[in-house]
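Please read the structure below before turning to the comments.
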Amino acid sequence: MSTSSAKRRLLSLWLRRLATDRIARTMRRTGSGPDDADEIPLVTAHMVKSAQRIAALNDAAARLGLAPGVTVADARARHPGLAVVEHDPAVDHLLLTAVADACDRWTPLVALDPPDGLMLDITGCAHLFGGEAALARALAVRLAEGGLAARIAIADTPGCAAAVARYGARDTPVVVPPGGQDAALAPLPLAALRLPPGMVASLAEVGLKRIADILDRPRATLAARFDGLLEKLDAARGETDTPISPRRPMPACVTEQNFAEPVLLERDVLDTLARLGARLARVLESRGEGARLLETALFRTDGRVVRITVGTGAPLTDPARMARLFADRLAVGEPCDPGFGFDLIRLSALATERCDPVQGGLDASDATAELAHLVDRLSTRFGARRVTRQMLRDEHVPEHATACVPAQAARVAGSRHGLVPSPRADALVPARPLRLLQRPEPVQAVAEVPDGPPVRFRWRRVLHEVAATEGPERIALAWWRDADGHALTRDYFRVECRGGFRAWLFREGLFGRETPHPTWFLHGLFG
């Protein structure tokens, strides 16, 4: 992100009991644990140097004096009733990702801060929720309802927000005023800067334990003895810009609708998308753009998010057609479980393209636009890769002269790879068959002279007598396409048999110059 730290506002979310909260949520959902599961000491353990050690613990275990790194044997000797579960960081990461999806309702710029945190760029978003403090409180309440213990802090820099969230003394959300990084950081331990443990220990040996101890120290001395310390400090203070990496790209345009009461019915969702599409279309038309990739995000009341994406072959600004594409996607069984309902529906244009207004006919619909919409609907129902279009390549060899590309991407693929749509028939170009075989099939042919047209040929055990021929059309293959370093010339003939059968044959190799025994192949069939 290019925005300077002085103008940004970052929210750090620390899920301080992520692993144990996940286990407690599972117990409550499945009914496999007691009602007061949060009051039972619970730890997760992993193997460290041939010993089971605590990786994470809940508040009840922390109140017993346990901490990460303690061996399970010692912990159980002190507290026999301790519950121990195997540590599973992969499943914890899935939960963290799910929480990040739910946080998209607050801002589209959500970055992971593993293993148990998120970073939200709320610049320009807070006023939509009543201010930064109200946003932080609403987020904390929603997480608490989901059974997740969290600490939240808002500051100008990611480093300051993360430090206050993890090492601050308050469990309630903290809002650091703009420019107040030094005052917020000063009382925190140096570990809040995410320094290596060895460096923190070395600093403690010389009496430097809190960030306030190094704020006014000579920088040259600190830089010489502790490599990387000043870089971490400057990033937290906002002296240097620290970018974040959002999980999802920033949409070009977004519209959304909140509901006081959750919606459950599909028709209500589609009606809402039609209204949002009308808003989106007005914004896009004012920019002279059209949507090429649309996404709707359906936020459930339990925090889960259902995302549905549709693409278009041409810039789209018609809200009715936008809604129709999403209706087609739902009609083919797109997973869309509403749970207890959706309380927020968002429509985003993930990709846009210039779209100049076009004057349509007065007494007829725009055939080009109708065809593009048909392609979009078919691609939405059956998949973009199943609806294809033949494009011409700059090749004269028949089997390499065309390419099959997704119909929606035909225009982009053509400009990128030098493909062009099939032109209209040209009387000066020799006629080609409507159907080419996947591979030329060998035939047994007889000609009056070695380099003349065939008079009869046998294909698939059937003998055909030739009544008329046209040709030859000579095509020389590119030498680099032949594995042996020599490519034989082809002479193509259009033949019509006495029974009406019409085919496209070629003789491979020039008699006497390239090969003493040319071979014949059937390459295509005329209608």
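Ordering of the structure tokens sets the chain letters (A, B, ...), residue numbers begin anew at 1 in every chain, and ligands are numbered from 1 in the order given.
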Run DSSP on the backbone and give me the residues of region 241-366 of chain A it puts in alpha helix (DSSP H), as a PDB file with C-alpha atoms, in the first residue's frame.
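Once written, out_9.pdb looks like this:
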```pdb
ATOM      1  CA  GLU A 266     -33.311 -16.508  -2.363  1.00  0.00           C
ATOM      2  CA  ARG A 267     -35.717 -14.080  -4.011  1.00  0.00           C
ATOM      3  CA  ASP A 268     -34.934 -11.473  -1.351  1.00  0.00           C
ATOM      4  CA  VAL A 269     -31.236 -11.904  -2.034  1.00  0.00           C
ATOM      5  CA  LEU A 270     -31.770 -11.524  -5.798  1.00  0.00           C
ATOM      6  CA  ASP A 271     -34.001  -8.456  -5.321  1.00  0.00           C
ATOM      7  CA  THR A 272     -31.297  -6.894  -3.164  1.00  0.00           C
ATOM      8  CA  LEU A 273     -28.655  -7.668  -5.777  1.00  0.00           C
ATOM      9  CA  ALA A 274     -30.788  -5.985  -8.433  1.00  0.00           C
ATOM     10  CA  ARG A 275     -30.985  -2.806  -6.329  1.00  0.00           C
ATOM     11  CA  LEU A 276     -27.276  -2.922  -5.562  1.00  0.00           C
ATOM     12  CA  GLY A 277     -26.581  -3.509  -9.251  1.00  0.00           C
ATOM     13  CA  ALA A 278     -28.479  -0.322 -10.094  1.00  0.00           C
ATOM     14  CA  ARG A 279     -26.312   1.650  -7.646  1.00  0.00           C
ATOM     15  CA  LEU A 280     -23.158   0.018  -8.972  1.00  0.00           C
ATOM     16  CA  ALA A 281     -24.156   0.745 -12.568  1.00  0.00           C
ATOM     17  CA  ARG A 282     -24.632   4.453 -11.835  1.00  0.00           C
ATOM     18  CA  VAL A 283     -21.170   4.717 -10.326  1.00  0.00           C
ATOM     19  CA  LEU A 284     -19.554   2.780 -13.175  1.00  0.00           C
ATOM     20  CA  GLU A 285     -21.339   4.825 -15.839  1.00  0.00           C
ATOM     21  CA  SER A 286     -20.152   8.043 -14.206  1.00  0.00           C
ATOM     22  CA  ARG A 287     -16.596   6.727 -14.561  1.00  0.00           C
ATOM     23  CA  PRO A 319     -28.196  -4.080 -13.435  1.00  0.00           C
ATOM     24  CA  ALA A 320     -30.851  -6.525 -14.662  1.00  0.00           C
ATOM     25  CA  ARG A 321     -28.218  -8.588 -16.430  1.00  0.00           C
ATOM     26  CA  MET A 322     -25.976  -8.489 -13.382  1.00  0.00           C
ATOM     27  CA  ALA A 323     -28.782  -9.931 -11.245  1.00  0.00           C
ATOM     28  CA  ARG A 324     -29.570 -12.511 -13.933  1.00  0.00           C
ATOM     29  CA  LEU A 325     -26.003 -13.826 -13.881  1.00  0.00           C
ATOM     30  CA  PHE A 326     -26.158 -14.373 -10.120  1.00  0.00           C
ATOM     31  CA  ALA A 327     -29.576 -16.027 -10.484  1.00  0.00           C
ATOM     32  CA  ASP A 328     -28.087 -18.439 -13.035  1.00  0.00           C
ATOM     33  CA  ARG A 329     -25.219 -19.247 -10.698  1.00  0.00           C
ATOM     34  CA  LEU A 330     -27.637 -20.015  -7.847  1.00  0.00           C
ATOM     35  CA  ALA A 331     -29.821 -22.048 -10.196  1.00  0.00           C
TER      36      ALA A 331
END
```
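Residue nearest Phe299 (chain A) within the list A:Ala98, A:Ala162, A:Glu239, A:Asp318: A:Ala98 [criterion: smallest interatomic distance, only C-alpha atoms].
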Report summary line: Min atom-atom distance to Ala150 (chain A) from the set A:Gly313, A:Pro262, A:Gly179, A:Gly117, counting only C-alpha atoms, belongs to A:Gly117
When you look at Val306 (chain A) with a cut-off of 9 Å (counting only C-alpha atoms), what residues show up, excluding the ones that are within fewer than 3 positions of it in the same chain? I need them as a PDB file with all heavy atoms, in the first residue's frame.
```
ATOM      1  N   THR A 296     -20.473 -11.089  -5.243  1.00  0.00           N
ATOM      2  CA  THR A 296     -21.377 -10.758  -4.153  1.00  0.00           C
ATOM      3  C   THR A 296     -20.918 -11.506  -2.910  1.00  0.00           C
ATOM      4  O   THR A 296     -20.564 -12.682  -2.969  1.00  0.00           O
ATOM      5  CB  THR A 296     -22.835 -11.125  -4.487  1.00  0.00           C
ATOM      6  OG1 THR A 296     -23.672 -10.758  -3.394  1.00  0.00           O
ATOM      7  CG2 THR A 296     -22.991 -12.593  -4.757  1.00  0.00           C
ATOM      8  N   ALA A 297     -20.886 -10.805  -1.795  1.00  0.00           N
ATOM      9  CA  ALA A 297     -20.513 -11.382  -0.508  1.00  0.00           C
ATOM     10  C   ALA A 297     -21.737 -11.340   0.388  1.00  0.00           C
ATOM     11  O   ALA A 297     -22.285 -10.260   0.651  1.00  0.00           O
ATOM     12  CB  ALA A 297     -19.343 -10.625   0.120  1.00  0.00           C
ATOM     13  N   LEU A 298     -22.170 -12.509   0.835  1.00  0.00           N
ATOM     14  CA  LEU A 298     -23.345 -12.628   1.695  1.00  0.00           C
ATOM     15  C   LEU A 298     -22.858 -12.949   3.101  1.00  0.00           C
ATOM     16  O   LEU A 298     -22.352 -14.043   3.366  1.00  0.00           O
ATOM     17  CB  LEU A 298     -24.269 -13.740   1.180  1.00  0.00           C
ATOM     18  CG  LEU A 298     -24.635 -13.670  -0.317  1.00  0.00           C
ATOM     19  CD1 LEU A 298     -25.426 -14.900  -0.731  1.00  0.00           C
ATOM     20  CD2 LEU A 298     -25.409 -12.405  -0.615  1.00  0.00           C
ATOM     21  N   PHE A 299     -23.014 -11.987   4.006  1.00  0.00           N
ATOM     22  CA  PHE A 299     -22.504 -12.116   5.377  1.00  0.00           C
ATOM     23  C   PHE A 299     -23.605 -12.693   6.267  1.00  0.00           C
ATOM     24  O   PHE A 299     -24.666 -12.072   6.443  1.00  0.00           O
ATOM     25  CB  PHE A 299     -22.048 -10.767   5.905  1.00  0.00           C
ATOM     26  CG  PHE A 299     -20.838 -10.220   5.212  1.00  0.00           C
ATOM     27  CD1 PHE A 299     -20.954  -9.534   4.017  1.00  0.00           C
ATOM     28  CD2 PHE A 299     -19.570 -10.389   5.747  1.00  0.00           C
ATOM     29  CE1 PHE A 299     -19.844  -9.031   3.363  1.00  0.00           C
ATOM     30  CE2 PHE A 299     -18.445  -9.896   5.108  1.00  0.00           C
ATOM     31  CZ  PHE A 299     -18.586  -9.214   3.914  1.00  0.00           C
ATOM     32  N   ARG A 300     -23.344 -13.878   6.814  1.00  0.00           N
ATOM     33  CA  ARG A 300     -24.306 -14.514   7.697  1.00  0.00           C
ATOM     34  C   ARG A 300     -24.199 -13.957   9.106  1.00  0.00           C
ATOM     35  O   ARG A 300     -23.180 -13.383   9.497  1.00  0.00           O
ATOM     36  CB  ARG A 300     -24.081 -16.024   7.727  1.00  0.00           C
ATOM     37  CG  ARG A 300     -24.397 -16.680   6.432  1.00  0.00           C
ATOM     38  CD  ARG A 300     -24.215 -18.176   6.371  1.00  0.00           C
ATOM     39  NE  ARG A 300     -24.015 -18.888   7.604  1.00  0.00           N
ATOM     40  CZ  ARG A 300     -24.003 -20.215   7.691  1.00  0.00           C
ATOM     41  NH1 ARG A 300     -24.189 -20.940   6.604  1.00  0.00           N
ATOM     42  NH2 ARG A 300     -23.786 -20.818   8.841  1.00  0.00           N
ATOM     43  N   PRO A 335     -23.299 -23.380  -3.718  1.00  0.00           N
ATOM     44  CA  PRO A 335     -23.534 -23.463  -2.266  1.00  0.00           C
ATOM     45  C   PRO A 335     -23.859 -22.095  -1.671  1.00  0.00           C
ATOM     46  O   PRO A 335     -23.082 -21.153  -1.800  1.00  0.00           O
ATOM     47  CB  PRO A 335     -22.204 -23.994  -1.730  1.00  0.00           C
ATOM     48  CG  PRO A 335     -21.576 -24.699  -2.880  1.00  0.00           C
ATOM     49  CD  PRO A 335     -21.989 -23.916  -4.103  1.00  0.00           C
ATOM     50  N   CYS A 336     -25.025 -21.993  -1.066  1.00  0.00           N
ATOM     51  CA  CYS A 336     -25.459 -20.706  -0.503  1.00  0.00           C
ATOM     52  C   CYS A 336     -26.378 -20.970   0.687  1.00  0.00           C
ATOM     53  O   CYS A 336     -27.561 -20.641   0.663  1.00  0.00           O
ATOM     54  CB  CYS A 336     -26.158 -19.867  -1.575  1.00  0.00           C
ATOM     55  SG  CYS A 336     -26.571 -18.193  -1.057  1.00  0.00           S
ATOM     56  N   ASP A 337     -25.826 -21.575   1.719  1.00  0.00           N
ATOM     57  CA  ASP A 337     -26.599 -21.885   2.918  1.00  0.00           C
ATOM     58  C   ASP A 337     -26.756 -20.607   3.739  1.00  0.00           C
ATOM     59  O   ASP A 337     -25.767 -20.040   4.214  1.00  0.00           O
ATOM     60  CB  ASP A 337     -25.877 -22.957   3.722  1.00  0.00           C
ATOM     61  CG  ASP A 337     -26.629 -23.323   4.989  1.00  0.00           C
ATOM     62  OD1 ASP A 337     -27.804 -22.928   5.113  1.00  0.00           O
ATOM     63  OD2 ASP A 337     -26.033 -23.994   5.857  1.00  0.00           O
ATOM     64  N   PRO A 338     -27.984 -20.124   3.932  1.00  0.00           N
ATOM     65  CA  PRO A 338     -28.152 -18.868   4.676  1.00  0.00           C
ATOM     66  C   PRO A 338     -28.001 -19.014   6.176  1.00  0.00           C
ATOM     67  O   PRO A 338     -27.895 -18.002   6.877  1.00  0.00           O
ATOM     68  CB  PRO A 338     -29.579 -18.439   4.311  1.00  0.00           C
ATOM     69  CG  PRO A 338     -30.290 -19.733   4.047  1.00  0.00           C
ATOM     70  CD  PRO A 338     -29.272 -20.649   3.428  1.00  0.00           C
TER      71      PRO A 338
END
```
Query raised in the report: So which residues touch Gln257 (chain A) within 7 Å, counting only C-alpha atoms, skipping near sequence neighbours fewer than 3 positions away, as a PyMOL selection string?
Result: chain A and resi 344-346
